[in-house]
>>> print(open('structure-v9.cif').read())   # mmCIF, C-alpha atoms and all ligand atoms
data_structure
#
loop_
_atom_site.label_atom_id
_atom_site.label_comp_id
_atom_site.auth_asym_id
_atom_site.auth_seq_id
_atom_site.Cartn_x
_atom_site.Cartn_y
_atom_site.Cartn_z
CA MET A 1 -24.55 -10.67 -14.15
CA THR A 2 -21.42 -9.48 -15.91
CA GLY A 3 -21.10 -6.22 -17.81
CA PRO A 4 -18.86 -5.66 -20.81
CA SER A 5 -15.25 -6.61 -20.14
CA LEU A 6 -12.98 -3.75 -19.18
CA ALA A 7 -10.69 -4.78 -22.06
CA ASP A 8 -13.53 -4.15 -24.53
CA SER A 9 -14.36 -0.80 -22.91
CA PHE A 10 -10.70 0.25 -23.18
CA ARG A 11 -10.54 -0.88 -26.83
CA ARG A 12 -13.60 1.17 -27.72
CA LEU A 13 -12.32 4.19 -25.84
CA ILE A 14 -8.90 4.00 -27.52
CA ALA A 15 -10.49 3.54 -30.98
CA ALA A 16 -12.63 6.63 -30.39
CA THR A 17 -10.20 9.05 -28.72
CA GLY A 18 -6.70 7.60 -29.03
CA PRO A 19 -4.30 5.98 -26.54
CA ILE A 20 -4.97 6.36 -22.81
CA SER A 21 -2.41 6.98 -20.09
CA LEU A 22 -0.99 4.01 -18.21
CA ALA A 23 -2.27 5.68 -15.02
CA GLN A 24 -5.85 5.55 -16.28
CA PHE A 25 -5.42 1.94 -17.41
CA MET A 26 -4.03 0.93 -14.00
CA GLY A 27 -6.53 2.92 -11.93
CA GLU A 28 -9.59 1.55 -13.71
CA SER A 29 -8.17 -1.97 -13.88
CA ASN A 30 -7.60 -2.14 -10.14
CA ALA A 31 -10.95 -0.53 -9.27
CA ARG A 32 -12.64 -3.25 -11.33
CA TYR A 33 -10.35 -5.97 -10.00
CA TYR A 34 -10.92 -5.27 -6.30
CA ALA A 35 -14.62 -4.32 -6.52
CA SER A 36 -15.95 -7.82 -6.89
CA ARG A 37 -13.54 -10.26 -5.32
CA ASP A 38 -11.35 -11.31 -2.41
CA PRO A 39 -7.97 -11.65 -4.11
CA LEU A 40 -6.07 -12.71 -1.00
CA GLY A 41 -4.89 -16.09 0.19
CA ALA A 42 -3.87 -19.44 -1.19
CA ALA A 43 -6.98 -19.80 -3.36
CA GLY A 44 -6.74 -16.22 -4.62
CA ASP A 45 -4.11 -14.27 -6.55
CA PHE A 46 -1.59 -13.22 -3.91
CA ILE A 47 -0.85 -13.38 -0.19
CA THR A 48 0.12 -10.51 2.09
CA ALA A 49 2.01 -10.25 5.38
CA PRO A 50 -1.06 -10.10 7.67
CA GLU A 51 -2.41 -13.24 5.94
CA ILE A 52 0.88 -15.08 6.54
CA SER A 53 0.77 -14.71 10.31
CA GLN A 54 -1.07 -12.93 13.11
CA MET A 55 2.34 -11.78 14.37
CA PHE A 56 2.49 -9.10 11.68
CA GLY A 57 -0.68 -7.30 12.74
CA GLU A 58 0.09 -7.76 16.41
CA LEU A 59 3.47 -6.02 16.07
CA VAL A 60 1.87 -3.17 14.10
CA GLY A 61 -0.69 -2.78 16.92
CA LEU A 62 2.02 -2.94 19.55
CA TRP A 63 4.00 -0.21 17.76
CA LEU A 64 0.97 2.09 17.61
CA ALA A 65 0.06 1.44 21.26
CA ASP A 66 3.66 2.05 22.33
CA ILE A 67 4.01 5.40 20.58
CA TRP A 68 0.57 6.49 21.82
CA THR A 69 1.61 5.61 25.39
CA ARG A 70 4.88 7.50 25.11
CA ALA A 71 3.04 10.49 23.60
CA GLY A 72 1.19 10.68 26.93
CA THR A 73 -1.97 8.65 26.05
CA PRO A 74 -3.77 11.54 24.29
CA ASP A 75 -7.59 11.33 24.39
CA ARG A 76 -9.79 9.38 21.99
CA PRO A 77 -7.31 8.38 19.25
CA ILE A 78 -8.77 6.65 16.18
CA TYR A 79 -7.35 3.65 14.33
CA VAL A 80 -7.36 4.29 10.59
CA GLU A 81 -6.39 1.72 8.00
CA LEU A 82 -6.07 2.23 4.26
CA GLY A 83 -7.01 -0.72 2.03
CA PRO A 84 -7.59 -3.27 4.82
CA GLY A 85 -8.09 -6.33 2.57
CA ARG A 86 -9.82 -9.01 4.65
CA GLY A 87 -9.55 -6.96 7.86
CA THR A 88 -6.93 -9.33 9.26
CA LEU A 89 -4.31 -6.67 10.04
CA ALA A 90 -6.95 -4.49 11.72
CA SER A 91 -8.27 -7.27 13.91
CA ASP A 92 -4.80 -8.49 14.95
CA ALA A 93 -3.57 -4.94 15.61
CA LEU A 94 -6.68 -4.02 17.61
CA ARG A 95 -6.31 -7.14 19.77
CA ALA A 96 -2.69 -6.21 20.56
CA MET A 97 -3.69 -2.59 21.28
CA LYS A 98 -6.43 -3.74 23.64
CA ARG A 99 -3.89 -5.74 25.65
CA ALA A 100 -1.92 -2.50 25.97
CA GLY A 101 -4.98 -0.62 27.23
CA LEU A 102 -5.87 1.09 23.95
CA GLU A 103 -9.33 0.71 22.38
CA PRO A 104 -9.66 3.24 19.57
CA ASP A 105 -12.65 3.77 17.29
CA VAL A 106 -11.99 2.18 13.92
CA HIS A 107 -12.21 3.93 10.55
CA LEU A 108 -11.43 1.92 7.42
CA VAL A 109 -10.74 3.42 4.00
CA GLU A 110 -11.83 0.85 1.43
CA GLY A 111 -13.16 1.18 -2.09
CA SER A 112 -14.30 -2.40 -2.68
CA PRO A 113 -17.81 -3.48 -1.60
CA ALA A 114 -16.72 -7.15 -1.55
CA LEU A 115 -13.79 -6.43 0.78
CA ARG A 116 -15.86 -4.08 2.98
CA ALA A 117 -18.15 -6.99 3.77
CA LEU A 118 -15.19 -9.13 4.91
CA GLN A 119 -13.75 -6.25 6.94
CA GLN A 120 -17.12 -5.68 8.64
CA ALA A 121 -17.17 -9.33 9.71
CA ALA A 122 -13.59 -9.11 11.07
CA VAL A 123 -14.08 -5.74 12.81
CA PRO A 124 -17.82 -5.38 13.51
CA ASN A 125 -17.74 -1.83 14.89
CA ALA A 126 -15.67 -0.38 12.01
CA ARG A 127 -16.87 2.62 10.05
CA PHE A 128 -16.13 2.88 6.33
CA HIS A 129 -14.87 5.68 4.11
CA ASP A 130 -14.19 6.01 0.38
CA ASP A 131 -11.13 8.12 1.09
CA LEU A 132 -9.44 10.06 3.89
CA ALA A 133 -11.50 13.21 3.39
CA ASP A 134 -14.28 12.40 5.86
CA ILE A 135 -12.21 10.76 8.60
CA PRO A 136 -12.73 12.69 11.89
CA GLN A 137 -10.62 15.85 12.00
CA ASP A 138 -10.42 16.42 15.75
CA ARG A 139 -8.66 13.37 17.18
CA PRO A 140 -5.17 11.83 16.99
CA LEU A 141 -4.67 9.27 14.22
CA LEU A 142 -3.06 5.88 14.60
CA LEU A 143 -2.79 4.83 10.98
CA ALA A 144 -1.60 1.73 9.17
CA ALA A 145 -1.54 0.73 5.52
CA ASN A 146 -0.09 -2.50 4.15
CA GLU A 147 0.21 -3.08 0.41
CA PHE A 148 -2.14 -0.18 -0.30
CA LEU A 149 0.16 2.32 -2.02
CA ASP A 150 1.53 -0.25 -4.50
CA ALA A 151 -1.98 -0.65 -5.96
CA LEU A 152 -2.47 3.07 -6.65
CA PRO A 153 -1.96 4.18 -10.26
CA ILE A 154 1.45 5.22 -11.52
CA ARG A 155 2.43 7.31 -14.51
CA GLN A 156 5.42 6.30 -16.58
CA LEU A 157 7.42 8.93 -18.44
CA VAL A 158 10.03 8.12 -21.03
CA MET A 159 12.82 10.27 -22.48
CA THR A 160 12.63 10.24 -26.29
CA ALA A 161 14.72 12.03 -28.93
CA ALA A 162 12.08 14.75 -28.81
CA GLY A 163 11.97 15.05 -24.99
CA TRP A 164 9.87 13.52 -22.20
CA ARG A 165 6.67 11.74 -23.19
CA GLU A 166 3.97 9.91 -21.24
CA VAL A 167 3.82 6.13 -21.65
CA GLU A 168 0.38 5.36 -23.02
CA VAL A 169 -1.65 2.26 -23.74
CA ALA A 170 -2.55 1.74 -27.40
CA VAL A 171 -4.10 -1.16 -29.34
CA ASP A 172 -2.10 -3.07 -31.98
CA ASP A 173 -3.32 -4.75 -35.21
CA THR A 174 -4.32 -7.91 -33.36
CA GLY A 175 -6.40 -6.04 -30.78
CA GLY A 176 -3.80 -6.48 -28.02
CA PHE A 177 -2.75 -3.66 -25.70
CA VAL A 178 0.74 -2.22 -26.15
CA LEU A 179 2.71 0.53 -24.49
CA ALA A 180 3.86 3.46 -26.60
CA ALA A 181 5.26 6.93 -26.02
CA GLY A 182 2.60 9.62 -26.42
CA SER A 183 2.98 12.60 -28.73
CA ARG A 184 2.58 15.49 -26.29
CA PRO A 185 5.61 17.00 -24.50
CA MET A 186 5.54 15.99 -20.81
CA ASP A 187 8.70 17.62 -19.44
CA ALA A 188 6.68 19.49 -16.83
CA ALA A 189 5.49 16.20 -15.30
CA VAL A 190 9.07 15.04 -14.62
CA PRO A 191 10.59 16.18 -11.31
CA GLU A 192 13.09 18.90 -12.13
CA GLU A 193 16.14 17.07 -10.76
CA ARG A 194 15.40 14.06 -12.98
CA ARG A 195 14.70 15.95 -16.20
CA GLU A 196 18.15 15.64 -17.70
CA ALA A 197 18.44 12.02 -18.79
CA GLU A 198 19.61 9.78 -21.59
CA GLU A 199 17.23 8.82 -24.34
CA GLY A 200 15.30 5.70 -23.34
CA THR A 201 15.29 6.51 -19.61
CA LEU A 202 11.95 5.58 -18.05
CA ILE A 203 10.74 6.94 -14.74
CA GLU A 204 7.65 6.26 -12.67
CA VAL A 205 5.73 8.77 -10.58
CA SER A 206 2.60 8.22 -8.55
CA PRO A 207 0.64 11.42 -8.01
CA ALA A 208 -2.10 9.29 -6.38
CA SER A 209 0.29 7.93 -3.73
CA ALA A 210 1.77 11.38 -3.15
CA ALA A 211 -1.73 12.79 -2.60
CA VAL A 212 -2.58 10.10 -0.02
CA VAL A 213 0.70 10.53 1.88
CA SER A 214 0.37 14.30 1.79
CA GLU A 215 -3.13 14.09 3.30
CA VAL A 216 -1.96 11.64 5.99
CA ALA A 217 0.97 13.91 6.86
CA MET A 218 -1.21 17.02 7.02
CA ARG A 219 -3.65 15.24 9.31
CA LEU A 220 -0.82 14.05 11.58
CA ALA A 221 0.54 17.59 11.84
CA ARG A 222 -2.91 18.99 12.67
CA GLN A 223 -4.44 16.22 14.77
CA GLY A 224 -1.44 14.43 16.26
CA GLY A 225 -0.70 10.77 15.77
CA ALA A 226 1.56 8.36 13.95
CA ALA A 227 1.47 6.22 10.82
CA LEU A 228 3.10 3.08 9.44
CA LEU A 229 3.12 2.72 5.66
CA ILE A 230 4.30 -0.73 4.66
CA ASP A 231 4.86 -1.86 1.10
CA TYR A 232 7.29 -3.25 -1.37
CA GLY A 233 9.50 -0.70 -3.00
CA HIS A 234 12.79 1.12 -2.95
CA ALA A 235 14.21 3.54 -0.41
CA HIS A 236 16.21 5.45 -3.07
CA ILE A 237 15.03 6.92 -6.35
CA ARG A 238 15.80 4.88 -9.46
CA ALA A 239 14.74 4.49 -13.05
CA GLY A 240 13.02 1.65 -14.95
CA SER A 241 9.57 0.07 -15.11
CA THR A 242 8.36 -1.85 -12.06
CA LEU A 243 4.80 -2.38 -13.25
CA GLN A 244 3.68 -5.95 -12.64
CA ALA A 245 0.57 -8.08 -12.58
CA VAL A 246 -0.08 -11.15 -10.48
CA ARG A 247 -2.76 -13.73 -11.00
CA ALA A 248 -3.06 -17.05 -9.16
CA HIS A 249 0.37 -16.41 -7.57
CA GLN A 250 2.06 -16.08 -11.00
CA LYS A 251 3.39 -13.00 -12.72
CA VAL A 252 1.40 -12.28 -15.86
CA ASP A 253 1.53 -9.64 -18.62
CA PRO A 254 0.20 -6.44 -16.95
CA LEU A 255 -1.67 -5.41 -20.10
CA ALA A 256 -3.24 -8.75 -20.97
CA LEU A 257 -6.27 -8.90 -18.67
CA PRO A 258 -7.33 -5.50 -17.34
CA GLY A 259 -9.60 -5.90 -14.30
CA GLU A 260 -8.67 -9.58 -13.89
CA ALA A 261 -5.19 -9.30 -12.37
CA ASP A 262 -3.74 -7.15 -9.59
CA LEU A 263 -1.58 -4.36 -11.04
CA THR A 264 1.10 -2.97 -8.77
CA ALA A 265 4.33 -0.99 -8.91
CA HIS A 266 7.20 -0.44 -6.51
CA VAL A 267 6.56 2.32 -4.01
CA ASP A 268 8.99 5.24 -4.26
CA PHE A 269 9.58 5.78 -0.54
CA ALA A 270 12.22 8.46 -1.06
CA THR A 271 9.75 10.76 -2.80
CA LEU A 272 7.00 9.95 -0.28
CA ALA A 273 9.28 10.87 2.63
CA GLU A 274 9.82 14.28 1.04
CA VAL A 275 6.11 14.70 0.40
CA ALA A 276 5.34 13.84 4.05
CA GLY A 277 7.92 16.31 5.33
CA ALA A 278 6.65 19.08 3.09
CA ALA A 279 3.11 18.50 4.41
CA GLY A 280 4.26 18.93 8.02
CA ALA A 281 4.81 15.41 9.39
CA ARG A 282 8.01 14.05 10.85
CA TRP A 283 9.59 11.23 8.89
CA MET A 284 11.15 8.70 11.28
CA GLY A 285 12.77 6.61 8.61
CA THR A 286 12.15 3.89 6.03
CA VAL A 287 13.56 0.55 7.12
CA ALA A 288 13.48 -2.99 5.78
CA GLN A 289 10.48 -4.99 6.98
CA GLY A 290 12.65 -7.82 8.33
CA ALA A 291 14.78 -5.49 10.45
CA TRP A 292 11.71 -3.64 11.71
CA LEU A 293 9.85 -6.82 12.68
CA ARG A 294 12.90 -8.19 14.48
CA ALA A 295 13.38 -4.90 16.34
CA MET A 296 9.71 -5.14 17.38
CA GLY A 297 10.28 -8.58 18.88
CA LEU A 298 9.22 -10.94 16.10
CA GLU A 299 11.29 -13.85 17.39
CA ALA A 300 10.10 -13.52 20.98
CA ARG A 301 6.48 -13.35 19.83
CA ALA A 302 7.04 -16.46 17.65
CA GLU A 303 8.47 -18.33 20.63
CA VAL A 304 5.44 -17.47 22.79
CA LEU A 305 3.08 -18.70 20.07
CA ALA A 306 5.11 -21.86 19.48
CA ARG A 307 5.08 -22.75 23.19
CA ALA A 308 1.32 -22.28 23.31
CA ALA A 309 0.82 -24.42 20.19
CA PRO A 310 3.79 -26.85 19.88
CA ALA A 311 2.20 -28.63 16.93
CA HIS A 312 2.51 -25.39 14.94
CA ARG A 313 6.13 -24.63 15.82
CA ASP A 314 7.41 -25.41 12.32
CA ALA A 315 4.71 -23.38 10.62
CA ILE A 316 5.41 -20.43 12.91
CA GLY A 317 9.11 -20.68 12.06
CA ARG A 318 8.29 -20.68 8.35
CA ALA A 319 6.10 -17.59 8.83
CA VAL A 320 8.98 -15.77 10.55
CA ASP A 321 11.15 -16.62 7.58
CA ARG A 322 8.62 -15.46 5.01
CA LEU A 323 7.97 -12.16 6.77
CA ALA A 324 11.56 -11.32 7.69
CA GLY A 325 13.92 -13.44 5.57
CA ASN A 326 16.18 -11.49 3.22
CA ASP A 327 15.26 -13.63 0.24
CA GLN A 328 11.55 -13.37 1.11
CA MET A 329 9.73 -10.21 2.25
CA GLY A 330 12.37 -9.02 4.69
CA THR A 331 14.38 -6.73 2.41
CA LEU A 332 12.12 -5.90 -0.53
CA PHE A 333 9.35 -4.70 1.78
CA LYS A 334 9.88 -1.45 3.67
CA VAL A 335 8.25 0.17 6.68
CA MET A 336 7.99 3.96 6.66
CA GLY A 337 7.22 5.68 9.96
CA LEU A 338 5.61 9.11 10.22
CA ALA A 339 4.46 11.11 13.23
CA ALA A 340 3.16 14.48 14.27
CA PRO A 341 6.03 16.87 15.01
CA GLY A 342 5.42 16.76 18.78
CA TRP A 343 5.20 12.98 19.01
CA PRO A 344 8.11 10.76 20.15
CA ASP A 345 10.14 8.46 17.90
CA GLY A 346 8.56 5.09 17.18
CA ALA A 347 10.25 1.79 17.97
CA GLY A 348 12.35 0.13 15.30
CA PHE A 349 13.51 3.25 13.42
CA SER A 350 16.72 4.19 15.25
N1 LIG B 1 -3.88 -4.43 3.37
C1 LIG B 1 -4.42 -5.71 2.97
C2 LIG B 1 -4.88 -5.74 1.50
C3 LIG B 1 -3.91 -5.34 0.44
S1 LIG B 1 -4.64 -5.39 -1.18
C4 LIG B 1 -3.41 -6.79 3.27
O1 LIG B 1 -2.28 -6.46 3.55
O2 LIG B 1 -3.77 -7.97 3.20
C5 LIG B 1 -5.01 -3.67 -1.51
C6 LIG B 1 -6.16 -3.10 -0.70
O3 LIG B 1 -6.34 -1.71 -1.06
C7 LIG B 1 -7.53 -3.74 -0.95
O4 LIG B 1 -8.26 -3.71 0.25
C8 LIG B 1 -8.13 -2.82 -2.02
O5 LIG B 1 -9.52 -2.94 -2.14
C9 LIG B 1 -7.68 -1.48 -1.51
N2 LIG B 1 -7.62 -0.42 -2.52
C10 LIG B 1 -6.90 -0.44 -3.65
N3 LIG B 1 -7.04 0.72 -4.32
C11 LIG B 1 -7.85 1.50 -3.57
C12 LIG B 1 -8.36 2.83 -3.70
N4 LIG B 1 -8.05 3.58 -4.76
N5 LIG B 1 -9.15 3.31 -2.72
C13 LIG B 1 -9.46 2.57 -1.64
N6 LIG B 1 -9.01 1.30 -1.45
C14 LIG B 1 -8.22 0.77 -2.40
#
>>> encode(input="structure-v9.cif", output="structure tokens")
Amino acid sequence: MTGPSLADSFRRLIAATGPISLAQFMGESNARYYASRDPLGAAGDFITAPEISQMFGELVGLWLADIWTRAGTPDRPIYVELGPGRGTLASDALRAMKRAGLEPDVHLVEGSPALRALQQAAVPNARFHDDLADIPQDRPLLLAANEFLDALPIRQLVMTAAGWREVEVAVDDTGGFVLAAGSRPMDAAVPEERREAEEGTLIEVSPASAAVVSEVAMRLARQGGAALLIDYGHAHIRAGSTLQAVRAHQKVDPLALPGEADLTAHVDFATLAEVAGAAGARWMGTVAQGAWLRAMGLEARAEVLARAAPAHRDAIGRAVDRLAGNDQMGTLFKVMGLAAPGWPDGAGFS
């Protein structure tokens, strides 16, 4: 059973009430996209670090277990993951934590019914949540999120001759979607320090990502704990559009097939670090994924796996390269570490 296409719904909406914001277009597209499918893996649309190798999730689990141990093994911590995909990161991380003597309850934040079913199979005792609001309030959090923030909606704002305007999605004569500057003044939506800019300057902001990070940081400050937010993005603020769509491992036009391709944007880690600090958490740093994985012992872990399975030595070497190589995921992807103010520094951020 298939309902009307999201493209048709958007066309009708735009014909009736005018252009919609890019944030609305992206939010509804991704909700539709993830709701019904498993987009991950070779047969899907894209592949993520936990799907490349078990080493990724194991090192995330090891990091969380290590900081929990050095915080004095506080009682009954919970493992929380945002957007767990197939549940691969959770199951690899939990296995590594168990070896370190840590067996937390598991709370997964996932919007997609199709992916929840896969996560339940990978982590049978997990509990599910639509968002962070109803995660337990009284216990330390050990939180991870990989490629979650990049899928949350962004707003784009563009400086025109008449001032800042929102980038909106309109429909052209052929029925295709096009981006255009809206008519209402949007200066107030632009961070004050970025308001003075040349005509044509385009900036991206993600109130949805800021809200998630703010809630995580508030919970860390109140409940104790630590968090790793891993994604592709930039450590310093910059201008320009980073919106992209991927389908069957190819970049495609982000407006062409709403609900049928994964829409993402670079994560603005500089802004998120400020948001986290303002909400009471301690920001440990934002480091390149390759450097962080190597500091966590990626090569040693690869050697152990290769000795146990010599036939896979080459494949394990290729996985190390994909995860940590500078021309692969090693530099573009970043790891941001947060903790409660009283918690120690995490490994890999000095
Ligand atoms: N972390 C996984 C999957 C990344 S894909 C991995 O690394 O393989 C993005 C994940 O975030 C999916 O699980 C998707 O369903 C989820 N997601 C995206 N937007 C969401 C939202 N607004 N609320 C909850 N989950 C969301």
>>> closest_residue(input="structure-v9.cif", among="A:His129, A:Arg99, A:Arg11, A:Arg282", to="ligand LIG 1 (chain B)", atoms="all atoms listed in the file")
A:His129
>>> closest_residue(input="structure-v9.cif", among="A:Gln328, A:Asn146, A:Thr17, A:Ser112", to="A:Asp131", atoms="only C-alpha atoms")
A:Ser112
>>> atom_distance(input="structure-v9.cif", atom1="atom CA of A:Val335", atom2="atom CA of A:Pro207")
20.0 Å
>>> atom_distance(input="structure-v9.cif", atom1="atom CA of A:Val320", atom2="atom CA of A:Ala300")
10.7 Å
>>> atom_distance(input="structure-v9.cif", atom1="atom CA of A:Ile14", atom2="atom CA of A:Ala181")
14.5 Å
>>> residues_near_ligand(input="structure-v9.cif", ligand="ligand LIG 1 (chain B)", cutoff="8 Å", atoms="only C-alpha atoms and all ligand atoms", output="PyMOL selection string")
chain A and resi 27+30-31+34-35+39-40+47-51+82-89+109-112+115+130-131+145-152
>>> closest_residue(input="structure-v9.cif", among="A:Met296, A:Ala208, A:Ala288, A:Ala227", to="A:Trp68", atoms="all atoms listed in the file")
A:Ala227
>>> build_atoms(input="structure-v9.cif", residues="stretch 174-204 of chain A", atoms="N, CA and C atoms", output="PDB file, keeping the file's coordinate frame")
ATOM      1  N   THR A 174      -3.612  -6.690 -33.770  1.00  0.00           N
ATOM      2  CA  THR A 174      -4.320  -7.910 -33.360  1.00  0.00           C
ATOM      3  C   THR A 174      -5.325  -7.633 -32.231  1.00  0.00           C
ATOM      4  N   GLY A 175      -5.460  -6.369 -31.855  1.00  0.00           N
ATOM      5  CA  GLY A 175      -6.400  -6.040 -30.780  1.00  0.00           C
ATOM      6  C   GLY A 175      -5.791  -6.105 -29.393  1.00  0.00           C
ATOM      7  N   GLY A 176      -4.479  -6.412 -29.325  1.00  0.00           N
ATOM      8  CA  GLY A 176      -3.800  -6.480 -28.020  1.00  0.00           C
ATOM      9  C   GLY A 176      -3.380  -5.089 -27.547  1.00  0.00           C
ATOM     10  N   PHE A 177      -3.213  -4.944 -26.239  1.00  0.00           N
ATOM     11  CA  PHE A 177      -2.750  -3.660 -25.700  1.00  0.00           C
ATOM     12  C   PHE A 177      -1.229  -3.593 -25.742  1.00  0.00           C
ATOM     13  N   VAL A 178      -0.721  -2.430 -26.126  1.00  0.00           N
ATOM     14  CA  VAL A 178       0.740  -2.220 -26.150  1.00  0.00           C
ATOM     15  C   VAL A 178       1.056  -0.859 -25.551  1.00  0.00           C
ATOM     16  N   LEU A 179       2.264  -0.752 -25.020  1.00  0.00           N
ATOM     17  CA  LEU A 179       2.710   0.530 -24.490  1.00  0.00           C
ATOM     18  C   LEU A 179       3.427   1.307 -25.573  1.00  0.00           C
ATOM     19  N   ALA A 180       3.194   2.614 -25.612  1.00  0.00           N
ATOM     20  CA  ALA A 180       3.860   3.460 -26.600  1.00  0.00           C
ATOM     21  C   ALA A 180       4.018   4.859 -26.042  1.00  0.00           C
ATOM     22  N   ALA A 181       5.060   5.547 -26.472  1.00  0.00           N
ATOM     23  CA  ALA A 181       5.260   6.930 -26.020  1.00  0.00           C
ATOM     24  C   ALA A 181       4.212   7.825 -26.676  1.00  0.00           C
ATOM     25  N   GLY A 182       3.592   8.684 -25.905  1.00  0.00           N
ATOM     26  CA  GLY A 182       2.600   9.620 -26.420  1.00  0.00           C
ATOM     27  C   GLY A 182       3.235  10.714 -27.256  1.00  0.00           C
ATOM     28  N   SER A 183       2.418  11.576 -27.847  1.00  0.00           N
ATOM     29  CA  SER A 183       2.980  12.600 -28.730  1.00  0.00           C
ATOM     30  C   SER A 183       3.161  13.954 -28.050  1.00  0.00           C
ATOM     31  N   ARG A 184       2.485  14.159 -26.896  1.00  0.00           N
ATOM     32  CA  ARG A 184       2.580  15.490 -26.290  1.00  0.00           C
ATOM     33  C   ARG A 184       3.809  15.615 -25.384  1.00  0.00           C
ATOM     34  N   PRO A 185       4.479  16.776 -25.405  1.00  0.00           N
ATOM     35  CA  PRO A 185       5.610  17.000 -24.500  1.00  0.00           C
ATOM     36  C   PRO A 185       5.164  16.905 -23.047  1.00  0.00           C
ATOM     37  N   MET A 186       5.933  16.186 -22.208  1.00  0.00           N
ATOM     38  CA  MET A 186       5.540  15.990 -20.810  1.00  0.00           C
ATOM     39  C   MET A 186       6.648  16.397 -19.843  1.00  0.00           C
ATOM     40  N   ASP A 187       7.561  17.237 -20.293  1.00  0.00           N
ATOM     41  CA  ASP A 187       8.700  17.620 -19.440  1.00  0.00           C
ATOM     42  C   ASP A 187       8.241  18.138 -18.081  1.00  0.00           C
ATOM     43  N   ALA A 188       7.133  18.875 -18.081  1.00  0.00           N
ATOM     44  CA  ALA A 188       6.680  19.490 -16.830  1.00  0.00           C
ATOM     45  C   ALA A 188       6.257  18.451 -15.797  1.00  0.00           C
ATOM     46  N   ALA A 189       5.923  17.235 -16.245  1.00  0.00           N
ATOM     47  CA  ALA A 189       5.490  16.200 -15.300  1.00  0.00           C
ATOM     48  C   ALA A 189       6.666  15.472 -14.660  1.00  0.00           C
ATOM     49  N   VAL A 190       7.877  15.726 -15.153  1.00  0.00           N
ATOM     50  CA  VAL A 190       9.070  15.040 -14.620  1.00  0.00           C
ATOM     51  C   VAL A 190       9.701  15.926 -13.550  1.00  0.00           C
ATOM     52  N   PRO A 191       9.951  15.377 -12.356  1.00  0.00           N
ATOM     53  CA  PRO A 191      10.590  16.180 -11.310  1.00  0.00           C
ATOM     54  C   PRO A 191      11.860  16.837 -11.859  1.00  0.00           C
ATOM     55  N   GLU A 192      12.040  18.088 -11.508  1.00  0.00           N
ATOM     56  CA  GLU A 192      13.090  18.900 -12.130  1.00  0.00           C
ATOM     57  C   GLU A 192      14.476  18.238 -12.078  1.00  0.00           C
ATOM     58  N   GLU A 193      14.796  17.634 -10.921  1.00  0.00           N
ATOM     59  CA  GLU A 193      16.140  17.070 -10.760  1.00  0.00           C
ATOM     60  C   GLU A 193      16.333  15.796 -11.581  1.00  0.00           C
ATOM     61  N   ARG A 194      15.265  15.283 -12.169  1.00  0.00           N
ATOM     62  CA  ARG A 194      15.400  14.060 -12.980  1.00  0.00           C
ATOM     63  C   ARG A 194      15.238  14.342 -14.475  1.00  0.00           C
ATOM     64  N   ARG A 195      15.065  15.633 -14.820  1.00  0.00           N
ATOM     65  CA  ARG A 195      14.700  15.950 -16.200  1.00  0.00           C
ATOM     66  C   ARG A 195      15.824  15.689 -17.204  1.00  0.00           C
ATOM     67  N   GLU A 196      17.055  15.891 -16.775  1.00  0.00           N
ATOM     68  CA  GLU A 196      18.150  15.640 -17.700  1.00  0.00           C
ATOM     69  C   GLU A 196      18.463  14.148 -17.669  1.00  0.00           C
ATOM     70  N   ALA A 197      18.246  13.475 -18.779  1.00  0.00           N
ATOM     71  CA  ALA A 197      18.440  12.020 -18.790  1.00  0.00           C
ATOM     72  C   ALA A 197      18.717  11.555 -20.200  1.00  0.00           C
ATOM     73  N   GLU A 198      19.326  10.356 -20.277  1.00  0.00           N
ATOM     74  CA  GLU A 198      19.610   9.780 -21.590  1.00  0.00           C
ATOM     75  C   GLU A 198      18.327   9.327 -22.262  1.00  0.00           C
ATOM     76  N   GLU A 199      18.363   9.335 -23.583  1.00  0.00           N
ATOM     77  CA  GLU A 199      17.230   8.820 -24.340  1.00  0.00           C
ATOM     78  C   GLU A 199      16.942   7.379 -23.904  1.00  0.00           C
ATOM     79  N   GLY A 200      15.676   7.060 -23.758  1.00  0.00           N
ATOM     80  CA  GLY A 200      15.300   5.700 -23.340  1.00  0.00           C
ATOM     81  C   GLY A 200      15.068   5.574 -21.841  1.00  0.00           C
ATOM     82  N   THR A 201      15.506   6.574 -21.066  1.00  0.00           N
ATOM     83  CA  THR A 201      15.290   6.510 -19.610  1.00  0.00           C
ATOM     84  C   THR A 201      13.791   6.523 -19.321  1.00  0.00           C
ATOM     85  N   LEU A 202      13.360   5.634 -18.425  1.00  0.00           N
ATOM     86  CA  LEU A 202      11.950   5.580 -18.050  1.00  0.00           C
ATOM     87  C   LEU A 202      11.831   5.822 -16.553  1.00  0.00           C
ATOM     88  N   ILE A 203      10.956   6.731 -16.175  1.00  0.00           N
ATOM     89  CA  ILE A 203      10.740   6.940 -14.740  1.00  0.00           C
ATOM     90  C   ILE A 203       9.260   6.746 -14.406  1.00  0.00           C
ATOM     91  N   GLU A 204       9.030   6.427 -13.146  1.00  0.00           N
ATOM     92  CA  GLU A 204       7.650   6.260 -12.670  1.00  0.00           C
ATOM     93  C   GLU A 204       7.369   7.318 -11.607  1.00  0.00           C
TER      94      GLU A 204
END
